[in-house]
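> Data: data20.cif, mmCIF, N, CA and C atoms and all ligand atoms.
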data_protein
loop_
_atom_site.label_atom_id
_atom_site.label_comp_id
_atom_site.auth_asym_id
_atom_site.auth_seq_id
_atom_site.Cartn_x
_atom_site.Cartn_y
_atom_site.Cartn_z
N MET A 1 119.92 76.56 130.30
CA MET A 1 118.84 77.25 131.00
C MET A 1 118.29 78.37 130.13
N LEU A 2 116.96 78.46 130.07
CA LEU A 2 116.34 79.53 129.31
C LEU A 2 116.52 80.86 130.03
N ALA A 3 116.84 81.86 129.28
CA ALA A 3 116.97 83.20 129.89
C ALA A 3 116.22 84.19 129.01
N HIS A 4 115.47 85.05 129.65
CA HIS A 4 114.70 86.06 128.91
C HIS A 4 115.01 87.44 129.46
N ASP A 5 114.94 88.42 128.60
CA ASP A 5 115.08 89.81 129.04
C ASP A 5 113.76 90.32 129.60
N VAL A 6 112.67 89.85 129.00
CA VAL A 6 111.35 90.37 129.36
C VAL A 6 110.34 89.22 129.38
N ILE A 7 109.45 89.26 130.34
CA ILE A 7 108.31 88.33 130.35
C ILE A 7 107.05 89.18 130.18
N VAL A 8 106.29 88.89 129.15
CA VAL A 8 105.00 89.55 128.92
C VAL A 8 103.91 88.57 129.33
N ILE A 9 103.01 89.01 130.18
CA ILE A 9 101.93 88.13 130.65
C ILE A 9 100.64 88.51 129.93
N GLY A 10 100.11 87.56 129.18
CA GLY A 10 98.85 87.78 128.47
C GLY A 10 99.06 87.81 126.97
N GLY A 11 98.54 86.82 126.28
CA GLY A 11 98.74 86.71 124.83
C GLY A 11 97.55 87.16 124.03
N GLY A 12 96.96 88.29 124.43
CA GLY A 12 95.94 88.91 123.59
C GLY A 12 96.61 89.87 122.62
N LEU A 13 95.81 90.74 122.01
CA LEU A 13 96.36 91.69 121.04
C LEU A 13 97.43 92.58 121.66
N ILE A 14 97.16 93.05 122.87
CA ILE A 14 98.09 94.00 123.48
C ILE A 14 99.41 93.34 123.85
N GLY A 15 99.32 92.23 124.60
CA GLY A 15 100.54 91.54 125.00
C GLY A 15 101.34 91.05 123.80
N SER A 16 100.63 90.54 122.79
CA SER A 16 101.32 90.02 121.61
C SER A 16 102.02 91.14 120.85
N ALA A 17 101.34 92.29 120.73
CA ALA A 17 101.96 93.42 120.02
C ALA A 17 103.19 93.93 120.78
N ILE A 18 103.06 93.99 122.10
CA ILE A 18 104.21 94.43 122.90
C ILE A 18 105.37 93.44 122.76
N ALA A 19 105.04 92.15 122.83
CA ALA A 19 106.08 91.12 122.70
C ALA A 19 106.76 91.21 121.34
N LEU A 20 105.97 91.44 120.30
CA LEU A 20 106.54 91.56 118.95
C LEU A 20 107.54 92.71 118.88
N ARG A 21 107.11 93.88 119.37
CA ARG A 21 107.99 95.05 119.28
C ARG A 21 109.27 94.85 120.11
N LEU A 22 109.14 94.23 121.28
CA LEU A 22 110.32 94.00 122.11
C LEU A 22 111.27 93.02 121.43
N ALA A 23 110.71 91.97 120.82
CA ALA A 23 111.55 91.00 120.11
C ALA A 23 112.23 91.65 118.92
N GLN A 24 111.48 92.53 118.21
CA GLN A 24 112.08 93.23 117.07
C GLN A 24 113.20 94.17 117.52
N ALA A 25 113.11 94.62 118.79
CA ALA A 25 114.16 95.49 119.34
C ALA A 25 115.35 94.68 119.82
N GLY A 26 115.28 93.36 119.67
CA GLY A 26 116.43 92.52 119.99
C GLY A 26 116.40 91.87 121.37
N LEU A 27 115.29 92.04 122.08
CA LEU A 27 115.19 91.42 123.39
C LEU A 27 114.69 89.98 123.28
N LYS A 28 115.11 89.17 124.23
CA LYS A 28 114.58 87.80 124.32
C LYS A 28 113.30 87.87 125.15
N VAL A 29 112.21 87.52 124.51
CA VAL A 29 110.90 87.73 125.13
C VAL A 29 110.21 86.40 125.36
N ALA A 30 109.64 86.24 126.55
CA ALA A 30 108.75 85.12 126.84
C ALA A 30 107.34 85.68 126.95
N LEU A 31 106.43 85.11 126.20
CA LEU A 31 105.03 85.53 126.26
C LEU A 31 104.23 84.42 126.95
N LEU A 32 103.70 84.73 128.12
CA LEU A 32 102.97 83.73 128.91
C LEU A 32 101.47 83.94 128.77
N GLU A 33 100.77 82.88 128.44
CA GLU A 33 99.32 82.94 128.28
C GLU A 33 98.72 81.78 129.07
N LYS A 34 97.76 82.09 129.92
CA LYS A 34 97.21 81.03 130.78
C LYS A 34 96.21 80.13 130.05
N ASN A 35 95.63 80.65 128.98
CA ASN A 35 94.71 79.83 128.18
C ASN A 35 95.25 79.77 126.76
N ALA A 36 94.38 79.89 125.78
CA ALA A 36 94.83 79.93 124.40
C ALA A 36 95.10 81.38 124.01
N PRO A 37 96.17 81.66 123.28
CA PRO A 37 96.46 83.04 122.86
C PRO A 37 95.32 83.60 122.01
N GLY A 38 95.00 84.87 122.26
CA GLY A 38 94.04 85.57 121.41
C GLY A 38 92.62 85.07 121.51
N ARG A 39 92.24 84.48 122.63
CA ARG A 39 90.88 83.92 122.74
C ARG A 39 90.06 84.60 123.83
N GLU A 40 90.53 85.72 124.36
CA GLU A 40 89.73 86.41 125.38
C GLU A 40 89.12 87.67 124.76
N ALA A 41 89.34 88.84 125.32
CA ALA A 41 88.72 90.05 124.78
C ALA A 41 89.10 90.27 123.31
N SER A 42 90.32 89.93 122.95
CA SER A 42 90.76 90.14 121.56
C SER A 42 89.96 89.29 120.59
N TRP A 43 89.46 88.18 121.07
CA TRP A 43 88.63 87.31 120.24
C TRP A 43 87.19 87.82 120.20
N ALA A 44 86.74 88.36 121.34
CA ALA A 44 85.35 88.80 121.46
C ALA A 44 85.11 90.14 120.77
N GLY A 45 86.15 90.92 120.58
CA GLY A 45 86.01 92.26 120.03
C GLY A 45 85.27 92.26 118.70
N ALA A 46 84.42 93.27 118.53
CA ALA A 46 83.63 93.35 117.31
C ALA A 46 84.46 93.84 116.12
N GLY A 47 85.63 94.39 116.40
CA GLY A 47 86.53 94.78 115.32
C GLY A 47 86.35 96.20 114.83
N MET A 48 85.52 96.98 115.51
CA MET A 48 85.34 98.38 115.08
C MET A 48 86.49 99.21 115.61
N LEU A 49 87.07 100.01 114.76
CA LEU A 49 88.17 100.88 115.17
C LEU A 49 87.73 102.32 114.96
N SER A 50 87.51 103.00 116.04
CA SER A 50 87.02 104.38 115.94
C SER A 50 87.61 105.23 117.04
N PRO A 51 88.08 106.43 116.70
CA PRO A 51 88.56 107.33 117.74
C PRO A 51 87.43 108.07 118.44
N ALA A 52 86.20 107.89 117.97
CA ALA A 52 85.06 108.59 118.59
C ALA A 52 84.90 108.08 120.03
N PRO A 53 84.64 108.98 120.97
CA PRO A 53 84.55 108.58 122.38
C PRO A 53 83.26 107.84 122.68
N ASP A 54 83.35 106.90 123.63
CA ASP A 54 82.15 106.22 124.10
C ASP A 54 81.31 107.16 124.96
N SER A 55 81.96 108.09 125.64
CA SER A 55 81.24 109.03 126.51
C SER A 55 82.08 110.30 126.61
N SER A 56 81.53 111.32 127.23
CA SER A 56 82.24 112.59 127.34
C SER A 56 83.53 112.44 128.17
N VAL A 57 83.56 111.47 129.05
CA VAL A 57 84.76 111.24 129.86
C VAL A 57 85.96 110.88 128.98
N SER A 58 85.68 110.27 127.83
CA SER A 58 86.75 109.79 126.95
C SER A 58 87.20 110.83 125.93
N ILE A 59 86.57 111.99 125.89
CA ILE A 59 86.91 112.98 124.87
C ILE A 59 88.40 113.36 124.87
N PRO A 60 89.06 113.51 126.04
CA PRO A 60 90.50 113.84 126.00
C PRO A 60 91.36 112.79 125.31
N LEU A 61 90.82 111.57 125.18
CA LEU A 61 91.59 110.49 124.56
C LEU A 61 91.46 110.47 123.04
N VAL A 62 90.57 111.30 122.49
CA VAL A 62 90.32 111.27 121.04
C VAL A 62 91.60 111.51 120.22
N PRO A 63 92.45 112.50 120.59
CA PRO A 63 93.68 112.68 119.79
C PRO A 63 94.57 111.43 119.79
N PHE A 64 94.63 110.74 120.92
CA PHE A 64 95.41 109.50 120.97
C PHE A 64 94.80 108.45 120.05
N GLY A 65 93.47 108.37 120.08
CA GLY A 65 92.78 107.41 119.23
C GLY A 65 93.02 107.69 117.76
N ARG A 66 92.96 108.97 117.41
CA ARG A 66 93.20 109.35 116.00
C ARG A 66 94.64 109.00 115.58
N ALA A 67 95.59 109.32 116.44
CA ALA A 67 96.99 109.04 116.12
C ALA A 67 97.21 107.54 115.98
N SER A 68 96.59 106.79 116.88
CA SER A 68 96.73 105.33 116.84
C SER A 68 96.11 104.77 115.57
N LEU A 69 94.91 105.24 115.25
CA LEU A 69 94.21 104.73 114.07
C LEU A 69 94.98 105.04 112.79
N SER A 70 95.63 106.20 112.74
CA SER A 70 96.37 106.56 111.54
C SER A 70 97.57 105.64 111.32
N ARG A 71 98.06 105.04 112.41
CA ARG A 71 99.22 104.15 112.29
C ARG A 71 98.80 102.70 112.07
N TYR A 72 97.53 102.42 112.22
CA TYR A 72 97.07 101.03 112.19
C TYR A 72 97.26 100.34 110.82
N PRO A 73 96.97 101.00 109.70
CA PRO A 73 97.16 100.31 108.41
C PRO A 73 98.59 99.81 108.22
N GLN A 74 99.57 100.61 108.62
CA GLN A 74 100.96 100.18 108.50
C GLN A 74 101.25 98.98 109.41
N PHE A 75 100.67 99.02 110.62
CA PHE A 75 100.84 97.91 111.55
C PHE A 75 100.23 96.63 110.97
N ILE A 76 99.03 96.76 110.41
CA ILE A 76 98.36 95.59 109.82
C ILE A 76 99.18 95.04 108.65
N ALA A 77 99.70 95.93 107.82
CA ALA A 77 100.50 95.48 106.68
C ALA A 77 101.71 94.69 107.17
N GLU A 78 102.31 95.17 108.24
CA GLU A 78 103.48 94.50 108.81
C GLU A 78 103.10 93.12 109.36
N ILE A 79 101.97 93.05 110.07
CA ILE A 79 101.52 91.77 110.63
C ILE A 79 101.21 90.77 109.51
N GLN A 80 100.56 91.26 108.45
CA GLN A 80 100.23 90.36 107.33
C GLN A 80 101.50 89.86 106.65
N GLU A 81 102.50 90.71 106.57
CA GLU A 81 103.77 90.32 105.97
C GLU A 81 104.44 89.23 106.82
N ILE A 82 104.45 89.43 108.12
CA ILE A 82 105.06 88.46 109.02
C ILE A 82 104.30 87.13 109.00
N ALA A 83 102.98 87.24 109.09
CA ALA A 83 102.15 86.03 109.21
C ALA A 83 101.87 85.37 107.87
N GLN A 84 102.12 86.13 106.78
CA GLN A 84 101.78 85.63 105.45
C GLN A 84 100.29 85.25 105.37
N ARG A 85 99.48 86.08 106.04
CA ARG A 85 98.03 85.86 106.04
C ARG A 85 97.32 87.19 105.93
N ASN A 86 96.16 87.17 105.30
CA ASN A 86 95.30 88.34 105.28
C ASN A 86 94.47 88.34 106.56
N VAL A 87 94.52 89.43 107.30
CA VAL A 87 93.80 89.46 108.58
C VAL A 87 92.38 90.02 108.44
N GLY A 88 92.00 90.39 107.23
CA GLY A 88 90.62 90.84 107.02
C GLY A 88 90.37 92.28 107.40
N TYR A 89 91.44 93.08 107.46
CA TYR A 89 91.28 94.50 107.81
C TYR A 89 90.56 95.23 106.69
N ARG A 90 89.49 95.93 107.04
CA ARG A 90 88.71 96.66 106.04
C ARG A 90 88.53 98.10 106.49
N THR A 91 88.46 98.99 105.54
CA THR A 91 88.31 100.42 105.85
C THR A 91 87.05 100.97 105.18
N ASP A 92 85.97 100.23 105.32
CA ASP A 92 84.72 100.60 104.64
C ASP A 92 83.92 101.66 105.39
N GLY A 93 84.36 102.02 106.60
CA GLY A 93 83.60 102.98 107.38
C GLY A 93 82.53 102.29 108.21
N ALA A 94 81.70 103.09 108.84
CA ALA A 94 80.65 102.56 109.70
C ALA A 94 79.43 103.46 109.62
N ILE A 95 78.31 102.91 109.97
CA ILE A 95 77.08 103.69 110.03
C ILE A 95 76.77 103.98 111.49
N GLU A 96 76.61 105.25 111.81
CA GLU A 96 76.27 105.61 113.19
C GLU A 96 74.82 106.08 113.23
N LEU A 97 74.04 105.46 114.08
CA LEU A 97 72.63 105.80 114.20
C LEU A 97 72.43 106.81 115.33
N LEU A 98 71.75 107.89 115.02
CA LEU A 98 71.46 108.92 116.04
C LEU A 98 69.97 108.85 116.36
N PHE A 99 69.68 108.74 117.63
CA PHE A 99 68.30 108.52 118.03
C PHE A 99 67.62 109.76 118.62
N SER A 100 68.32 110.90 118.60
CA SER A 100 67.66 112.14 119.03
C SER A 100 68.30 113.29 118.28
N PRO A 101 67.59 114.40 118.14
CA PRO A 101 68.11 115.55 117.38
C PRO A 101 69.38 116.12 118.00
N THR A 102 69.58 115.93 119.30
CA THR A 102 70.74 116.53 119.96
C THR A 102 71.91 115.56 120.12
N GLN A 103 71.70 114.31 119.75
CA GLN A 103 72.74 113.31 120.01
C GLN A 103 74.03 113.63 119.26
N ASN A 104 73.90 114.13 118.04
CA ASN A 104 75.09 114.44 117.26
C ASN A 104 75.94 115.50 117.93
N ALA A 105 75.27 116.48 118.58
CA ALA A 105 76.00 117.55 119.26
C ALA A 105 76.80 117.02 120.43
N ASN A 106 76.35 115.90 121.00
CA ASN A 106 77.03 115.33 122.17
C ASN A 106 78.19 114.43 121.81
N SER A 107 78.29 114.01 120.55
CA SER A 107 79.38 113.12 120.19
C SER A 107 80.48 113.93 119.51
N ALA A 108 81.67 113.90 120.12
CA ALA A 108 82.81 114.65 119.58
C ALA A 108 83.49 113.85 118.49
N ARG A 109 83.91 114.50 117.46
CA ARG A 109 84.60 113.81 116.36
C ARG A 109 86.04 114.25 116.30
C1 LIG B 201 82.41 91.91 123.54
C2 LIG B 201 83.56 92.86 123.24
C3 LIG B 201 83.49 93.64 122.10
C4 LIG B 201 84.55 94.54 121.83
N1 LIG B 201 84.50 95.27 120.67
C5 LIG B 201 85.51 96.10 120.37
C6 LIG B 201 85.51 96.85 119.17
O1 LIG B 201 84.61 96.75 118.34
N2 LIG B 201 86.54 97.70 118.93
C7 LIG B 201 87.57 97.83 119.81
O2 LIG B 201 88.51 98.61 119.53
N3 LIG B 201 87.63 97.12 120.95
C8 LIG B 201 86.62 96.27 121.25
N4 LIG B 201 86.66 95.56 122.40
C9 LIG B 201 87.80 95.75 123.28
C10 LIG B 201 88.99 94.96 122.77
O3 LIG B 201 88.60 93.66 122.40
C11 LIG B 201 90.02 94.93 123.90
O4 LIG B 201 90.34 96.25 124.30
C12 LIG B 201 91.31 94.25 123.47
O5 LIG B 201 91.07 93.02 122.83
C13 LIG B 201 92.16 94.05 124.71
O6 LIG B 201 93.29 93.29 124.36
P1 LIG B 201 94.14 92.68 125.49
O7 LIG B 201 95.29 91.97 124.83
O8 LIG B 201 94.46 93.72 126.51
O9 LIG B 201 93.16 91.67 126.27
P2 LIG B 201 92.84 90.12 125.98
O10 LIG B 201 92.62 89.83 124.55
O11 LIG B 201 91.76 89.75 126.95
O12 LIG B 201 94.18 89.41 126.39
C14 LIG B 201 94.60 89.27 127.72
C15 LIG B 201 95.17 87.88 127.84
O13 LIG B 201 95.80 87.75 129.11
C16 LIG B 201 95.61 86.43 129.57
N5 LIG B 201 95.84 86.43 130.99
C17 LIG B 201 95.17 87.09 131.95
N6 LIG B 201 95.72 86.86 133.15
C18 LIG B 201 96.78 86.05 132.94
C19 LIG B 201 97.74 85.47 133.80
N7 LIG B 201 97.72 85.68 135.13
N8 LIG B 201 98.69 84.67 133.25
C20 LIG B 201 98.72 84.46 131.91
N9 LIG B 201 97.83 84.98 131.06
C21 LIG B 201 96.87 85.78 131.57
C22 LIG B 201 94.17 86.10 129.16
O14 LIG B 201 93.95 84.72 129.08
C23 LIG B 201 94.10 86.79 127.79
O15 LIG B 201 94.40 85.90 126.72
C24 LIG B 201 85.65 94.65 122.69
C25 LIG B 201 85.69 93.83 123.84
C26 LIG B 201 84.67 92.95 124.11
C27 LIG B 201 84.78 92.07 125.33
#
Would you put the structure from the file into structure tokens?


Amino acid sequence: MLAHDVIVIGGGLIGSAIALRLAQAGLKVALLEKNAPGREASWAGAGMLSPAPDSSVSIPLVPFGRASLSRYPQFIAEIQEIAQRNVGYRTDGAIELLFSPTQNANSAR
């Protein structure tokens, strides 16, 4: 009989990353996906990684975003090592278009 310590539901980026870390911690993990893994929001995502807030409501989350982003290159390196594949991670920056003289003042960095 199969026995698992943890069942993770959803095989997108989040569920897969959680399942990976739990398995690395020595737990027996079952990852359940109702469709194909990585084909929902994780597939649709444009791939931009930015701690800049979408709106003023998100400003308190900026430190978390910065901390997360600073750890991402190491995470990507680890994933590429495990998968033996280049995932196409690039750090070329982004162009932000401002459409009014005051817009820059409203976006927290
Ligand atoms: C159009 C679009 C553009 C985006 N662009 C960006 C971007 O540029 N930068 C950025 O940082 N973020 C972006 N995002 C957000 C980002 O893609 C998501 O935050 C991220 O992919 C969420 O990952 P997830 O694993 O939580 O969700 P998902 O990838 O959706 O994974 C959830 C999985 O759970 C499965 N599931 C759901 N219910 C069940 C169930 N009952 N049983 C089994 N499986 C189940 C689904 O099939 C799915 O595979 C974008 C999102 C969209 C939609």

> With the cut-off set at 8 Å and counting all atoms listed in the file, tabulate each residue of chain A with an atom at most that distance from an atom of ligand LIG 201 (chain B), showing the nearest atom pair and its distance in Å to one decimal, ordered by chain and increasing number, as JSON lines.


{"residue": "A:Val8", "atom": "C", "partner": "B:LIG201", "partner_atom": "C20", "distance": 7.1}
{"residue": "A:Ile9", "atom": "C", "partner": "B:LIG201", "partner_atom": "N9", "distance": 4.7}
{"residue": "A:Gly10", "atom": "CA", "partner": "B:LIG201", "partner_atom": "O13", "distance": 3.1}
{"residue": "A:Gly11", "atom": "N", "partner": "B:LIG201", "partner_atom": "C15", "distance": 3.9}
{"residue": "A:Gly12", "atom": "C", "partner": "B:LIG201", "partner_atom": "O7", "distance": 3.3}
{"residue": "A:Leu13", "atom": "N", "partner": "B:LIG201", "partner_atom": "O7", "distance": 3.1}
{"residue": "A:Ile14", "atom": "N", "partner": "B:LIG201", "partner_atom": "O7", "distance": 2.9}
{"residue": "A:Gly15", "atom": "N", "partner": "B:LIG201", "partner_atom": "O7", "distance": 4.0}
{"residue": "A:Ser16", "atom": "N", "partner": "B:LIG201", "partner_atom": "O7", "distance": 5.9}
{"residue": "A:Ala17", "atom": "N", "partner": "B:LIG201", "partner_atom": "O7", "distance": 7.3}
{"residue": "A:Leu31", "atom": "C", "partner": "B:LIG201", "partner_atom": "C20", "distance": 7.4}
{"residue": "A:Leu32", "atom": "C", "partner": "B:LIG201", "partner_atom": "C20", "distance": 4.2}
{"residue": "A:Glu33", "atom": "CA", "partner": "B:LIG201", "partner_atom": "N9", "distance": 3.8}
{"residue": "A:Lys34", "atom": "N", "partner": "B:LIG201", "partner_atom": "N9", "distance": 3.1}
{"residue": "A:Asn35", "atom": "N", "partner": "B:LIG201", "partner_atom": "O14", "distance": 4.4}
{"residue": "A:Ala36", "atom": "C", "partner": "B:LIG201", "partner_atom": "O15", "distance": 5.3}
{"residue": "A:Pro37", "atom": "CA", "partner": "B:LIG201", "partner_atom": "O15", "distance": 5.2}
{"residue": "A:Gly38", "atom": "N", "partner": "B:LIG201", "partner_atom": "O15", "distance": 4.6}
{"residue": "A:Arg39", "atom": "N", "partner": "B:LIG201", "partner_atom": "O15", "distance": 4.8}
{"residue": "A:Glu40", "atom": "C", "partner": "B:LIG201", "partner_atom": "O11", "distance": 4.0}
{"residue": "A:Ala41", "atom": "N", "partner": "B:LIG201", "partner_atom": "O11", "distance": 3.1}
{"residue": "A:Ser42", "atom": "N", "partner": "B:LIG201", "partner_atom": "O10", "distance": 2.8}
{"residue": "A:Trp43", "atom": "N", "partner": "B:LIG201", "partner_atom": "O10", "distance": 5.0}
{"residue": "A:Ala44", "atom": "C", "partner": "B:LIG201", "partner_atom": "C2", "distance": 4.0}
{"residue": "A:Gly45", "atom": "CA", "partner": "B:LIG201", "partner_atom": "C4", "distance": 3.3}
{"residue": "A:Ala46", "atom": "N", "partner": "B:LIG201", "partner_atom": "N1", "distance": 2.9}
{"residue": "A:Gly47", "atom": "N", "partner": "B:LIG201", "partner_atom": "O1", "distance": 3.2}
{"residue": "A:Met48", "atom": "N", "partner": "B:LIG201", "partner_atom": "O1", "distance": 3.0}
{"residue": "A:Leu49", "atom": "N", "partner": "B:LIG201", "partner_atom": "N2", "distance": 4.8}
{"residue": "A:Ser50", "atom": "N", "partner": "B:LIG201", "partner_atom": "O2", "distance": 5.7}

> Hey, can you check how far atom N of Ala19 of chain A sits from atom C of Asp5 of chain A?

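Going from atom N of Ala19 of chain A over to atom C of Asp5 of chain A, I get 11.2 Å.
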
> Would you kindly return, as a PyMOL selection string, each protein, DNA or RNA residue with an atom no farther than 8 Å from any atom of segment 74-78 of chain A, considering all atoms listed in the file and excluding same-chain residues fewer than 5 positions away?

chain A and resi 69+83-84+87+89

> For the residues in the current selection, export N, CA and C atoms as a short mmCIF file (atom, residue, chain, number, x, y, z; two decimals), keeping the file's coordinate frame.


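Saved result, result-v6.cif, follows:
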data_model
loop_
_atom_site.label_atom_id
_atom_site.label_comp_id
_atom_site.auth_asym_id
_atom_site.auth_seq_id
_atom_site.Cartn_x
_atom_site.Cartn_y
_atom_site.Cartn_z
N LEU A 69 94.91 105.24 115.25
CA LEU A 69 94.21 104.73 114.07
C LEU A 69 94.98 105.04 112.79
N ALA A 83 102.98 87.24 109.09
CA ALA A 83 102.15 86.03 109.21
C ALA A 83 101.87 85.37 107.87
N GLN A 84 102.12 86.13 106.78
CA GLN A 84 101.78 85.63 105.45
C GLN A 84 100.29 85.25 105.37
N VAL A 87 94.52 89.43 107.30
CA VAL A 87 93.80 89.46 108.58
C VAL A 87 92.38 90.02 108.44
N TYR A 89 91.44 93.08 107.46
CA TYR A 89 91.28 94.50 107.81
C TYR A 89 90.56 95.23 106.69
#

> Could you tell me how far atom CA of Gly88 of chain A lies from atom C of Arg71 of chain A, in Å and to one decimal?

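Atom CA of Gly88 of chain A sits 15.3 Å away from atom C of Arg71 of chain A.
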
> Calculate how many Å separate atom CA of His4 of chain A from atom N of Leu27 of chain A, rounding to one decimal.

9.1 Å

> Please put the answer as AutoDock Vina command-line options: centre and edge lengths, in Å with one decimal, of a box along x, y and z that encloses all listed atoms of segment 12-30 of chain A plus 8 Å on each side.


--center_x 106.1 --center_y 90.3 --center_z 122.0 --size_x 36.6 --size_y 26.4 --size_z 25.9

> Could you write out, as number ranges by chain, all the residues of chain A that DSSP marks as strand (DSSP E)?

A: 6-9, 29-32

> Using all atoms listed in the file, which residues sit within 7 Å of segment 59-67 of chain A once same-chain residues fewer than 6 positions away are excluded, as a short mmCIF file (atom, residue, chain, number, x, y, z; two decimals) with N, CA and C atoms, in the frame of the given file?


data_model
loop_
_atom_site.label_atom_id
_atom_site.label_comp_id
_atom_site.auth_asym_id
_atom_site.auth_seq_id
_atom_site.Cartn_x
_atom_site.Cartn_y
_atom_site.Cartn_z
N SER A 50 87.51 103.00 116.04
CA SER A 50 87.02 104.38 115.94
C SER A 50 87.61 105.23 117.04
N PRO A 51 88.08 106.43 116.70
CA PRO A 51 88.56 107.33 117.74
C PRO A 51 87.43 108.07 118.44
N ALA A 52 86.20 107.89 117.97
CA ALA A 52 85.06 108.59 118.59
C ALA A 52 84.90 108.08 120.03
N PRO A 53 84.64 108.98 120.97
CA PRO A 53 84.55 108.58 122.38
C PRO A 53 83.26 107.84 122.68
N ALA A 108 81.67 113.90 120.12
CA ALA A 108 82.81 114.65 119.58
C ALA A 108 83.49 113.85 118.49
#
